[in-house]
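Colleague: Sharing protein_0.txt below, compact mmCIF, C-alpha atoms:
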# COMPACT_ATOMS: atom_id res chain seq x y z
CA MET A 13 -21.71 7.66 -18.02
CA PRO A 14 -23.46 6.08 -15.02
CA ALA A 15 -21.52 4.92 -12.01
CA PRO A 16 -20.55 1.25 -12.27
CA LYS A 17 -23.17 -1.04 -10.81
CA MET A 18 -21.45 -4.40 -11.02
CA THR A 19 -18.41 -4.98 -8.88
CA GLY A 20 -16.47 -7.90 -7.52
CA ARG A 21 -14.81 -7.14 -4.20
CA ARG A 22 -12.32 -9.20 -2.25
CA SER A 23 -13.88 -9.72 1.16
CA LEU A 24 -11.73 -10.55 4.15
CA LEU A 25 -13.69 -12.42 6.77
CA VAL A 26 -12.12 -13.14 10.12
CA THR A 27 -11.74 -16.80 9.13
CA SER A 28 -11.27 -16.73 5.37
CA ALA A 29 -11.42 -14.66 2.21
CA THR A 30 -14.07 -15.18 -0.44
CA LEU A 31 -14.30 -13.69 -3.90
CA LEU A 32 -17.58 -11.82 -4.24
CA SER A 33 -18.07 -11.26 -7.97
CA LEU A 34 -21.37 -10.06 -9.39
CA SER A 35 -20.01 -9.82 -12.91
CA VAL A 36 -20.76 -12.53 -15.43
CA GLY A 37 -17.67 -14.65 -15.97
CA ALA A 38 -14.06 -13.69 -15.37
CA PRO A 39 -12.09 -12.07 -18.16
CA ALA A 40 -8.78 -13.49 -19.27
CA ALA A 41 -5.80 -12.55 -17.14
CA LEU A 42 -4.36 -9.21 -18.15
CA ALA A 43 -0.77 -8.88 -19.31
CA GLU A 44 1.63 -7.11 -16.97
CA PRO A 45 4.58 -4.96 -18.04
CA SER A 46 7.94 -6.67 -17.73
CA PRO A 47 9.96 -5.73 -14.63
CA SER A 48 12.77 -3.26 -14.95
CA THR A 49 16.08 -4.58 -16.21
CA SER A 50 18.12 -1.86 -14.52
CA PRO A 51 21.28 -3.09 -12.77
CA SER A 52 21.30 -3.74 -9.05
CA ALA A 53 22.31 -0.91 -6.75
CA THR A 54 23.64 -0.54 -3.24
CA PRO A 55 21.50 1.11 -0.56
CA PRO A 56 22.89 4.29 1.00
CA ALA A 57 24.91 3.87 4.16
CA GLY A 58 22.77 6.39 6.00
CA MET A 59 18.98 6.07 5.86
CA SER A 60 16.20 7.44 8.01
CA THR A 61 15.76 5.86 11.43
CA LEU A 62 12.13 6.92 11.76
CA GLY A 63 10.20 4.09 13.37
CA GLY A 64 13.29 2.55 14.93
CA ALA A 65 17.06 2.63 14.60
CA ARG A 66 17.15 -0.84 13.07
CA LEU A 67 15.16 0.44 10.10
CA GLY A 68 17.98 2.83 9.20
CA LEU A 69 20.52 0.04 8.78
CA PRO A 70 21.20 -1.46 5.36
CA GLY A 71 20.36 -5.11 4.75
CA THR A 72 17.83 -7.43 6.35
CA GLN A 73 16.61 -6.67 9.85
CA VAL A 74 14.88 -9.49 11.72
CA ASN A 75 15.01 -11.01 15.20
CA LEU A 76 15.35 -14.74 14.75
CA ALA A 77 14.84 -16.88 17.83
CA PRO A 78 13.57 -20.38 18.62
CA GLY A 79 10.13 -20.80 17.08
CA VAL A 80 10.54 -17.97 14.60
CA PRO A 81 10.54 -19.17 10.97
CA VAL A 82 13.50 -18.34 8.76
CA LEU A 83 12.87 -15.74 6.08
CA PRO A 84 12.53 -16.91 2.48
CA LYS A 85 16.00 -17.25 0.98
CA ASP A 86 15.22 -16.26 -2.61
CA LEU A 87 14.04 -12.68 -2.09
CA THR A 88 15.59 -10.29 -4.61
CA ALA A 89 13.76 -6.99 -3.99
CA ARG A 90 15.89 -3.95 -3.29
CA SER A 91 13.58 -3.05 -0.42
CA TRP A 92 10.73 -4.69 1.49
CA ILE A 93 8.90 -4.52 4.80
CA VAL A 94 6.46 -6.77 6.68
CA SER A 95 4.26 -5.09 9.28
CA ASP A 96 1.45 -6.01 11.64
CA ALA A 97 -1.37 -3.64 10.69
CA GLU A 98 -3.02 -4.18 14.06
CA SER A 99 -0.11 -3.18 16.29
CA GLY A 100 2.02 -1.26 13.81
CA GLU A 101 5.01 -3.45 14.62
CA VAL A 102 7.53 -4.03 11.84
CA LEU A 103 8.18 -7.77 11.92
CA ALA A 104 11.07 -7.70 9.45
CA ALA A 105 12.49 -5.33 6.85
CA HIS A 106 15.13 -5.00 4.18
CA ASN A 107 16.38 -1.48 3.43
CA ALA A 108 13.01 -0.16 4.60
CA HIS A 109 13.93 3.52 4.23
CA TRP A 110 15.76 3.25 0.90
CA ARG A 111 14.39 6.13 -1.21
CA LEU A 112 13.40 4.57 -4.54
CA PRO A 113 11.07 5.44 -7.43
CA PRO A 114 7.59 4.29 -6.34
CA ALA A 115 5.75 3.94 -9.67
CA SER A 116 1.96 3.71 -9.28
CA THR A 117 2.06 2.67 -5.64
CA LEU A 118 2.30 6.45 -5.11
CA LYS A 119 -1.37 6.53 -6.15
CA MET A 120 -2.12 5.34 -2.60
CA LEU A 121 -0.94 8.73 -1.34
CA PHE A 122 -2.91 10.45 -4.11
CA ALA A 123 -6.07 8.60 -3.10
CA ASP A 124 -5.56 9.12 0.63
CA THR A 125 -5.12 12.85 -0.04
CA VAL A 126 -7.83 13.57 -2.62
CA LEU A 127 -10.48 10.86 -2.18
CA PRO A 128 -12.24 12.49 0.83
CA ARG A 129 -12.77 15.74 -1.07
CA PHE A 130 -15.43 14.64 -3.58
CA PRO A 131 -18.58 12.57 -3.02
CA GLN A 132 -18.82 9.44 -5.17
CA SER A 133 -21.88 10.80 -6.98
CA THR A 134 -20.18 14.02 -8.12
CA ARG A 135 -20.03 14.13 -11.92
CA HIS A 136 -17.39 15.81 -14.06
CA LYS A 137 -17.23 16.55 -17.77
CA VAL A 138 -13.67 16.00 -18.98
CA ALA A 139 -11.90 18.86 -20.76
CA ALA A 140 -8.83 18.50 -22.94
CA SER A 141 -6.79 20.35 -20.31
CA ASP A 142 -7.67 17.68 -17.73
CA LEU A 143 -5.66 15.09 -19.66
CA ALA A 144 -2.69 17.30 -20.48
CA GLY A 145 0.77 16.42 -19.21
CA MET A 146 0.45 12.65 -18.94
CA GLY A 147 3.70 10.79 -19.48
CA GLU A 148 4.32 8.87 -22.68
CA GLY A 149 3.11 5.29 -22.45
CA SER A 150 1.03 5.99 -19.33
CA SER A 151 -1.40 3.34 -18.18
CA VAL A 152 -4.94 4.52 -18.90
CA VAL A 153 -8.50 3.41 -18.25
CA GLY A 154 -9.88 5.16 -21.34
CA ILE A 155 -11.13 8.55 -20.14
CA LYS A 156 -12.44 10.55 -23.12
CA GLU A 157 -12.51 14.29 -23.58
CA GLY A 158 -16.08 15.60 -23.57
CA SER A 159 -17.47 12.62 -21.67
CA THR A 160 -18.92 12.88 -18.18
CA TYR A 161 -17.86 10.53 -15.37
CA SER A 162 -18.85 10.10 -11.76
CA VAL A 163 -16.16 10.35 -9.12
CA ARG A 164 -16.78 6.65 -8.46
CA ASP A 165 -16.01 5.91 -12.12
CA LEU A 166 -12.75 7.80 -11.85
CA TRP A 167 -11.58 6.12 -8.65
CA LEU A 168 -12.31 2.67 -10.05
CA GLY A 169 -10.14 3.68 -13.00
CA VAL A 170 -7.37 4.68 -10.59
CA PHE A 171 -7.44 1.57 -8.40
CA LEU A 172 -8.28 -1.16 -10.91
CA ARG A 173 -6.45 -0.02 -14.04
CA SER A 174 -3.97 2.42 -12.47
CA GLY A 175 -5.28 4.93 -14.99
CA ASN A 176 -3.15 8.04 -15.17
CA ASP A 177 -5.95 9.64 -17.18
CA ALA A 178 -8.29 9.15 -14.21
CA VAL A 179 -5.64 10.56 -11.85
CA HIS A 180 -5.16 13.68 -13.98
CA THR A 181 -8.91 14.21 -14.23
CA LEU A 182 -9.30 14.03 -10.45
CA ALA A 183 -6.26 16.27 -10.03
CA ALA A 184 -7.90 18.81 -12.34
CA MET A 185 -10.99 18.72 -10.13
CA ASN A 186 -8.70 19.31 -7.14
CA GLY A 187 -7.24 22.52 -8.59
CA GLY A 188 -4.70 21.09 -10.99
CA VAL A 189 -1.61 18.90 -10.96
CA GLU A 190 0.65 21.40 -9.19
CA GLN A 191 -1.86 21.98 -6.42
CA THR A 192 -2.42 18.25 -6.03
CA VAL A 193 1.32 17.58 -5.82
CA ARG A 194 1.59 20.18 -3.05
CA ASP A 195 -1.37 18.63 -1.23
CA MET A 196 0.17 15.16 -1.51
CA GLN A 197 3.52 16.38 -0.21
CA ASP A 198 1.84 18.10 2.73
CA HIS A 199 -0.12 14.94 3.53
CA ALA A 200 3.02 12.79 3.29
CA GLU A 201 4.70 15.06 5.81
CA GLU A 202 1.68 14.85 8.12
CA LEU A 203 1.90 11.05 7.95
CA GLN A 204 5.65 11.31 8.71
CA ALA A 205 6.42 9.74 5.35
CA LEU A 206 9.61 11.75 5.16
CA ASP A 207 11.35 9.60 2.53
CA THR A 208 8.80 10.74 -0.05
CA HIS A 209 9.23 13.51 -2.59
CA VAL A 210 6.24 13.98 -4.90
CA VAL A 211 6.70 15.28 -8.44
CA SER A 212 3.74 13.72 -10.30
CA PRO A 213 0.41 12.67 -8.75
CA ASP A 214 0.27 9.40 -10.71
CA GLY A 215 3.70 7.98 -9.83
CA TYR A 216 4.99 8.24 -13.40
CA ASP A 217 8.80 8.34 -13.48
CA ALA A 218 10.03 11.87 -12.83
CA PRO A 219 13.44 13.19 -11.72
CA GLY A 220 13.60 13.31 -7.94
CA GLN A 221 10.36 11.44 -7.34
CA VAL A 222 11.02 8.89 -4.60
CA SER A 223 9.40 7.08 -1.72
CA SER A 224 10.29 4.04 0.37
CA ALA A 225 8.80 0.72 1.42
CA TYR A 226 8.25 2.24 4.86
CA ASP A 227 6.40 5.28 3.50
CA LEU A 228 4.27 3.27 1.07
CA THR A 229 3.16 1.16 4.03
CA LEU A 230 2.20 4.32 5.92
CA PHE A 231 0.11 5.45 2.93
CA ALA A 232 -1.69 2.11 2.76
CA ARG A 233 -2.34 2.04 6.49
CA SER A 234 -3.77 5.54 6.44
CA GLY A 235 -5.86 4.92 3.33
CA LEU A 236 -7.34 1.72 4.71
CA GLN A 237 -8.99 3.73 7.45
CA LYS A 238 -11.32 5.18 4.81
CA LYS A 239 -14.29 3.07 3.71
CA ASP A 240 -14.20 4.25 0.09
CA PHE A 241 -10.48 3.50 -0.15
CA ARG A 242 -11.07 0.00 1.23
CA ASP A 243 -13.92 -0.61 -1.20
CA TYR A 244 -12.00 0.53 -4.26
CA CYS A 245 -8.76 -1.29 -3.50
CA SER A 246 -10.59 -4.56 -2.80
CA THR A 247 -12.67 -4.48 -6.00
CA VAL A 248 -11.65 -7.28 -8.37
CA ARG A 249 -13.64 -6.20 -11.44
CA ALA A 250 -16.25 -3.62 -12.30
CA LYS A 251 -18.26 -2.12 -15.12
CA PHE A 252 -16.70 0.98 -16.62
CA GLY A 253 -19.04 2.38 -19.23
CA SER A 254 -19.83 -0.44 -21.63
CA ALA A 255 -16.68 -2.38 -20.76
CA GLU A 256 -15.54 -4.46 -17.80
CA ILE A 257 -12.26 -3.65 -16.11
CA GLN A 258 -10.25 -5.97 -13.90
CA ASN A 259 -7.85 -5.14 -11.11
CA THR A 260 -4.19 -5.47 -12.14
CA ASN A 261 -3.23 -6.51 -8.59
CA ARG A 262 -2.42 -10.15 -9.35
CA LEU A 263 -2.72 -11.34 -5.73
CA LEU A 264 -6.31 -10.05 -5.85
CA SER A 265 -7.35 -11.10 -9.36
CA GLY A 266 -4.92 -13.94 -10.08
CA ASP A 267 -2.87 -14.74 -13.17
CA SER A 268 -1.55 -17.78 -14.98
CA ASP A 269 1.46 -18.05 -12.69
CA VAL A 270 0.09 -16.34 -9.56
CA PRO A 271 -2.94 -17.66 -7.67
CA VAL A 272 -5.26 -15.38 -5.74
CA TYR A 273 -3.68 -15.01 -2.30
CA GLN A 274 -5.81 -16.33 0.55
CA GLY A 275 -6.98 -13.37 2.63
CA ILE A 276 -5.87 -10.61 0.23
CA ALA A 277 -7.81 -7.32 0.18
CA GLY A 278 -5.72 -4.83 -1.85
CA VAL A 279 -3.83 -2.48 -1.93
CA LYS A 280 -1.90 -1.12 -5.00
CA ASN A 281 0.68 -2.17 -7.56
CA GLY A 282 3.00 -0.25 -9.86
CA ASN A 283 5.52 -0.80 -12.64
CA THR A 284 7.69 1.59 -14.66
CA SER A 285 10.98 1.21 -16.48
CA HIS A 286 12.82 3.22 -13.83
CA ALA A 287 11.08 1.96 -10.69
CA GLY A 288 10.69 -1.65 -11.72
CA ALA A 289 7.77 -3.47 -10.12
CA THR A 290 6.41 -2.20 -6.80
CA PHE A 291 3.55 -3.42 -4.65
CA THR A 292 1.87 -2.91 -1.30
CA GLY A 293 -0.65 -5.50 -0.15
CA VAL A 294 -2.88 -6.11 2.87
CA ALA A 295 -4.10 -9.57 3.88
CA GLU A 296 -5.80 -11.26 6.83
CA ARG A 297 -5.53 -14.75 8.27
CA GLY A 298 -6.53 -16.07 11.65
CA GLY A 299 -7.56 -12.65 12.92
CA LYS A 300 -4.21 -11.08 12.02
CA VAL A 301 -3.90 -8.35 9.37
CA LEU A 302 -0.51 -7.80 7.76
CA LEU A 303 0.87 -5.19 5.39
CA VAL A 304 3.70 -6.09 2.98
CA THR A 305 5.50 -3.72 0.63
CA VAL A 306 8.01 -4.92 -1.98
CA MET A 307 10.04 -2.63 -4.26
CA ASN A 308 11.90 -3.58 -7.43
CA PRO A 309 12.78 -7.30 -7.37
CA GLU A 310 15.98 -7.95 -9.29
CA LYS A 311 14.75 -11.35 -10.45
CA ARG A 312 13.30 -10.98 -13.93
CA GLU A 313 10.51 -13.56 -13.77
CA HIS A 314 6.96 -12.60 -14.70
CA ASN A 315 4.93 -11.38 -11.70
CA GLU A 316 7.99 -11.64 -9.45
CA VAL A 317 6.87 -8.77 -7.22
CA TYR A 318 3.70 -10.71 -6.34
CA LYS A 319 5.58 -13.96 -5.81
CA GLU A 320 7.97 -12.33 -3.36
CA THR A 321 5.10 -10.53 -1.64
CA ALA A 322 3.24 -13.83 -1.19
CA LYS A 323 6.35 -15.41 0.34
CA LEU A 324 6.68 -12.54 2.79
CA PHE A 325 2.99 -12.76 3.70
CA ASP A 326 3.41 -16.50 4.33
CA TRP A 327 6.41 -15.81 6.56
CA GLY A 328 4.63 -12.99 8.37
CA PHE A 329 1.57 -15.06 9.23
CA GLN A 330 3.84 -17.76 10.63
CA ALA A 331 6.01 -15.27 12.52
CA VAL A 332 3.47 -12.83 13.94
CA GLY A 333 3.16 -13.29 17.69
CA LYS A 334 6.51 -15.09 17.80
CA VAL A 335 9.04 -12.61 16.46
CA ASN A 336 10.13 -9.47 18.27
CA ALA A 337 9.65 -6.33 16.20
CA VAL A 338 12.54 -4.43 14.66
CA GLY A 339 10.63 -1.15 14.53
CA GLU A 340 7.20 0.40 14.23
CA LEU A 341 4.93 2.28 11.87
CA VAL A 342 4.74 5.77 13.33
CA PRO A 343 1.47 7.69 13.72
CA PRO A 344 0.80 11.02 12.00
CA LYS A 345 2.49 14.14 13.32
CA SER A 346 -0.81 15.49 14.61
CA ALA A 347 -1.25 12.52 16.95
CA ALA A 348 0.02 13.15 20.44
CA PRO A 349 3.09 11.02 21.28
CA ALA A 350 2.81 8.54 24.11
CA THR A 351 5.06 8.90 27.12
CA GLY A 352 7.53 6.40 28.44
CA ARG A 353 8.18 4.78 25.05
CA PRO A 354 11.49 4.16 23.30
CA ASP A 355 12.59 6.89 20.92
CA PRO A 356 11.67 5.64 17.41
CA THR A 357 14.34 7.90 15.90
CA ALA A 358 17.29 6.62 17.92
CA SER A 359 20.49 6.51 15.94
CA ALA A 360 21.44 3.56 13.77
CA GLU A 361 24.75 3.45 15.59
CA GLN A 362 22.91 2.78 18.86
CA ALA A 363 20.95 -0.01 17.22
CA ALA A 364 24.02 -1.61 15.74
CA GLY A 365 25.66 -1.86 19.12
CA SER A 366 22.77 -3.00 21.30
CA GLY A 367 20.19 -5.71 21.77
CA ARG A 368 22.14 -8.58 20.23
CA ALA A 369 21.83 -11.16 22.98
CA GLY A 370 19.66 -14.19 22.33
CA ALA A 371 19.12 -13.57 18.62
CA LYS A 372 20.38 -15.60 15.71
CA PRO A 373 20.37 -13.21 12.78
CA VAL A 374 20.55 -14.33 9.19
CA ALA A 375 23.34 -13.09 6.98
CA GLY A 376 23.19 -9.33 6.77
CA ALA A 377 20.72 -9.09 9.66
CA THR A 378 21.18 -7.69 13.12
CA ALA A 379 19.23 -8.43 16.27
CA GLY A 380 17.60 -6.14 18.75
CA SER A 381 14.38 -5.33 20.51
CA GLY A 382 11.56 -3.57 18.74
CA SER A 383 8.80 -1.37 20.07
CA SER A 384 5.08 -1.69 19.73
CA GLY A 385 3.20 0.15 17.02
CA ALA A 386 0.35 2.63 16.90
CA GLY A 387 -2.18 0.15 18.23
CA ILE A 388 -4.67 -0.10 15.37
CA ALA A 389 -6.92 -3.12 15.74
CA LEU A 390 -8.10 -4.21 12.31
CA ALA A 391 -10.62 -6.88 11.48
CA VAL A 392 -12.39 -7.68 8.26
CA ALA A 393 -16.08 -8.10 7.54
CA GLY A 394 -17.83 -7.84 4.21
CA GLY A 395 -14.72 -6.36 2.61
CA LEU A 396 -14.40 -3.59 5.21
CA LEU A 397 -11.51 -3.17 7.63
CA VAL A 398 -12.93 -1.99 10.93
CA LEU A 399 -11.72 -1.46 14.46
CA LEU A 400 -12.65 -4.13 16.96
CA GLY A 401 -12.36 -4.06 20.71
CA GLY A 402 -14.84 -6.47 22.27
CA GLY A 403 -17.73 -4.46 20.87
CA ALA A 404 -16.00 -1.14 21.53
CA PHE A 405 -13.43 0.37 19.25
CA LEU A 406 -9.87 0.73 20.40
CA VAL A 407 -8.79 4.36 20.40
CA ASN A 408 -5.06 4.84 20.77
CA ARG A 409 -3.94 8.10 22.29
CA ARG A 410 -1.14 8.36 19.76
CA TRP A 411 -3.52 8.05 16.81
CA PRO A 412 -7.20 8.73 17.53
CA LEU A 413 -8.28 7.48 14.08
CA PRO A 414 -11.29 9.79 13.64
CA ASP A 415 -11.88 8.56 10.08
CA LEU A 416 -12.73 5.02 11.11
CA MET A 417 -16.30 3.78 11.38
CA ARG A 418 -17.77 4.08 14.87
CA ARG A 419 -19.70 0.84 14.85
CA ARG A 420 -18.87 -2.73 14.01
CA THR A 421 -19.79 -3.75 10.48
CA ARG A 422 -21.15 -7.21 9.96
CA PRO A 423 -21.26 -9.12 6.63
Would you give me this structure, written as structure tokens?

Modeller:
Amino acid sequence: MPAPKMTGRRSLLVTSATLLSLSVGAPAALAEPSPSTSPSATPPAGMSTLGGARLGLPGTQVNLAPGVPVLPKDLTARSWIVSDAESGEVLAAHNAHWRLPPASTLKMLFADTVLPRFPQSTRHKVAASDLAGMGEGSSVVGIKEGSTYSVRDLWLGVFLRSGNDAVHTLAAMNGGVEQTVRDMQDHAEELQALDTHVVSPDGYDAPGQVSSAYDLTLFARSGLQKKDFRDYCSTVRAKFGSAEIQNTNRLLSGDSDVPVYQGIAGVKNGNTSHAGATFTGVAERGGKVLLVTVMNPEKREHNEVYKETAKLFDWGFQAVGKVNAVGELVPPKSAAPATGRPDPTASAEQAAGSGRAGAKPVAGATAGSGSSGAGIALAVAGGLLVLLGGGAFLVNRRWPLPDLMRRRTRP
């Protein structure tokens, strides 16, 4: 099967986002599984404080002050986080380190771990053993035993259709599911995504498999440094064999009750009966790039995870530059720590008892001062997120970012 030649990619320009679709016509909106109907739960009293003590506290964490917009009042997700992808600052969060089932958003970690290992043009003939062990009712792109696919085919199946069959085929190429799970866990630890425990590479419900809104954001931020990752997650539709597949990320492709979000460029959605609906998205407006992760909205409306994500994006673009951060996205362990900075792992007790002056927190929120993030400068051109720095790329000593392109890409 040849690599797909016709793709539609969401391009984020510095001023606006434009759908670039080379396919003929748009297919009808695809149905989405219903959100989980599991009962609400209470977050644990003690959560990780990585990235800032405020992030270890239960409930909503935001620093409201004059000029800072109030958060949307109808958010029902168990956990969410809004971050500035440029600075790494966490603008607001709700139970950011609550360890919850991630569903297919865990495929971001899978891609960030495995994607660099195989060139797009590599071809693989699928054996029956490649597809063994997939969970019942798994989402699939239609990989067939005995057929040959390019690596590009397989990754489009992962990102657009969340195909567990494509994941298992790539995992087989990587030495098998068990090896891939070990590799993913090692990479999560390198990224300091310490809330994450990997059991299956595709995010299918498995006992003990958990992540957090904070960790999923780290996976997205790391993955978006890779050109192939950016290209795949921003593709709206593509040819897959003789068929056309469309991205199930509704903020990217749209649906009857969810419009395409202005400035969206990925990243990954998920939905299982145990995890409910999960989603991490990246979007740009006015030169600012934000990351939003939402996990398991309790509201049962169709596409609720995208609706709540859009509301948080809207709030974030209004608040960025006005609101003081409540934490930060930490760099990988291998990056040298900066000196003279606040300890991002200070205790939650310290956070609860400090930094309250001048803030007007909403119910369940506390106030305090945040710290700056890892210092990534992201801009968007022709669908690619690239570092900008007045013609020179910004290189932060805490996170050298060797995987990023070394020249500015123009549309």

Colleague: Leu62 in chain A: which residues within 9 Å, counting all atoms listed in the file, same-chain residues fewer than 2 positions away excluded, as a short mmCIF file (atom, residue, chain, number, x, y, z; two decimals) with C-alpha atoms, in the frame of the given file?

Modeller:
data_model
loop_
_atom_site.label_atom_id
_atom_site.label_comp_id
_atom_site.auth_asym_id
_atom_site.auth_seq_id
_atom_site.Cartn_x
_atom_site.Cartn_y
_atom_site.Cartn_z
CA SER A 60 16.20 7.44 8.01
CA GLY A 64 13.29 2.55 14.93
CA ALA A 65 17.06 2.63 14.60
CA LEU A 67 15.16 0.44 10.10
CA GLY A 68 17.98 2.83 9.20
CA HIS A 109 13.93 3.52 4.23
CA GLN A 204 5.65 11.31 8.71
CA LEU A 206 9.61 11.75 5.16
CA GLY A 339 10.63 -1.15 14.53
CA GLU A 340 7.20 0.40 14.23
CA LEU A 341 4.93 2.28 11.87
CA VAL A 342 4.74 5.77 13.33
CA PRO A 356 11.67 5.64 17.41
CA THR A 357 14.34 7.90 15.90
CA ALA A 358 17.29 6.62 17.92
#

Colleague: Take CA of Glu202 in chain A and CA of Pro131 in chain A and report the distance between them in Å, one decimal.

Modeller: 23.2 Å

Colleague: Would you give me, as a tab-separated table, each residue of range 144-172 of chain A having an atom within 12 Å of an atom of range 272-284 of chain A, along with its shortest atom pair and that distance in Å to one decimal, using all atoms listed in the file and sorting by chain and residue number?

Modeller:
residue	atom	partner	partner_atom	distance
A:Gly147	CA	A:Thr284	CA	11.1
A:Glu148	CA	A:Thr284	CA	11.3
A:Gly149	CA	A:Thr284	CA	9.8
A:Ser150	CA	A:Thr284	CA	9.2
A:Ser151	CA	A:Asn283	CA	9.8
A:Val170	CA	A:Lys280	CA	9.7
A:Phe171	CA	A:Lys280	CA	7.0
A:Leu172	CA	A:Lys280	CA	8.7

Colleague: Limited to C-alpha atoms, could you put the picked residues into a file as a PDB file, in the frame of the given file?

Modeller:
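Listed below is the output, again14.pdb:
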ATOM      1  CA  GLY A 147       3.700  10.790 -19.480  1.00  0.00           C
ATOM      2  CA  GLU A 148       4.320   8.870 -22.680  1.00  0.00           C
ATOM      3  CA  GLY A 149       3.110   5.290 -22.450  1.00  0.00           C
ATOM      4  CA  SER A 150       1.030   5.990 -19.330  1.00  0.00           C
ATOM      5  CA  SER A 151      -1.400   3.340 -18.180  1.00  0.00           C
ATOM      6  CA  VAL A 170      -7.370   4.680 -10.590  1.00  0.00           C
ATOM      7  CA  PHE A 171      -7.440   1.570  -8.400  1.00  0.00           C
ATOM      8  CA  LEU A 172      -8.280  -1.160 -10.910  1.00  0.00           C
TER       9      LEU A 172
END

Colleague: Contacts of Leu83 in chain A at 10 Å or less, counting only C-alpha atoms, minus same-chain residues fewer than 3 places along, as a list of chain:residue names?

Modeller: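 Returned residues: A:Thr72, A:Val74, A:Leu76, A:Val80, A:Asp86, A:Leu87, A:Ala104, A:Lys323, A:Leu324, A:Asp326, A:Trp327, A:Gly328, A:Ala331, A:Val374.
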
Colleague: Kindly indicate which residue among A:Ile257, A:Ala184, A:Leu121, A:Ala105 lies nearest to His209 in chain A, using only C-alpha atoms for the distances.

Modeller: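 Smallest separation from His209 in chain A among the options: A:Leu121.
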
Colleague: Mind dumping a table of every range 69-174 of chain A residue within 6 Å of range 293-304 of chain A, with the nearest atom pair and its distance in Å to one decimal, using only C-alpha atoms, sorted by chain and rising number, as a Markdown table?

Modeller:
| residue | atom | partner | partner_atom | distance |
| --- | --- | --- | --- | --- |
| A:Ile93 | CA | A:Val304 | CA | 5.7 |
| A:Val94 | CA | A:Val304 | CA | 4.7 |
| A:Ser95 | CA | A:Leu303 | CA | 5.2 |
| A:Asp96 | CA | A:Leu302 | CA | 4.7 |
| A:Ala97 | CA | A:Leu302 | CA | 5.2 |

Colleague: Generate a file of the selected residues that holds C-alpha atoms, formatted as a short mmCIF file (atom, residue, chain, number, x, y, z; two decimals), in the frame of the given file.

Modeller:
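So the final result, stored in part22.cif, reads:
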data_model
loop_
_atom_site.label_atom_id
_atom_site.label_comp_id
_atom_site.auth_asym_id
_atom_site.auth_seq_id
_atom_site.Cartn_x
_atom_site.Cartn_y
_atom_site.Cartn_z
CA ILE A 93 8.90 -4.52 4.80
CA VAL A 94 6.46 -6.77 6.68
CA SER A 95 4.26 -5.09 9.28
CA ASP A 96 1.45 -6.01 11.64
CA ALA A 97 -1.37 -3.64 10.69
#

Colleague: What is the distance between CA of Gly79 in chain A and CA of Asn336 in chain A, in Å to one decimal?

Modeller: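 Answer for the CA of Gly79 in chain A to CA of Asn336 in chain A separation: 11.4 Å.
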
Colleague: Enter the distance from CA of Gly71 in chain A to CA of His106 in chain A, in Å, rounded to one decimal.

Modeller: 5.3 Å

Colleague: For a quick check of understanding, using only C-alpha atoms, which of A:Val338, A:Met146, A:Ala57, A:Ala289 has the smallest distance to Val317 in chain A?

Modeller: A:Ala289

Colleague: Quick one: what's the axis-aligned box for range 87-100 of chain A, all listed atoms, 3 Å on every side, centre and edges in Å to one decimal, as lines of an AutoDock Vina configuration file?

Modeller:
center_x = 6.4
center_y = -7.0
center_z = 5.8
size_x = 24.9
size_y = 17.4
size_z = 26.9

Colleague: May I ask which of the residues A:Glu201, A:Asp142, A:Glu316, A:Asp214 is the closest one to Lys119 in chain A, counting all atoms listed in the file?

Modeller: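 The answer is A:Asp214, which sits nearest to Lys119 in chain A.
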
Colleague: Check the smallest atom-to-atom distance from each of A:Asn186, A:Ser133, A:Asn176, A:Ser224 to Thr160 in chain A using only C-alpha atoms, then report the winner.

Modeller: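 When distances to Thr160 in chain A are compared using only C-alpha atoms, the smallest one comes from A:Ser133.
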
Colleague: From the set A:Ala53, A:Ala218, A:Val163, A:Ala183, which residue has the shortest atom-to-atom contact distance to Thr88 in chain A, counting all atoms listed in the file?

Modeller: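 Smallest separation from Thr88 in chain A among the options: A:Ala53.
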
Colleague: Looking at A:Ala287, A:Ala123, A:Val82, A:Ala205, which one is nearest to Gly220 in chain A, with distances taken over only C-alpha atoms?

Modeller: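 Closest to Gly220 in chain A of all the choices is A:Ala287.
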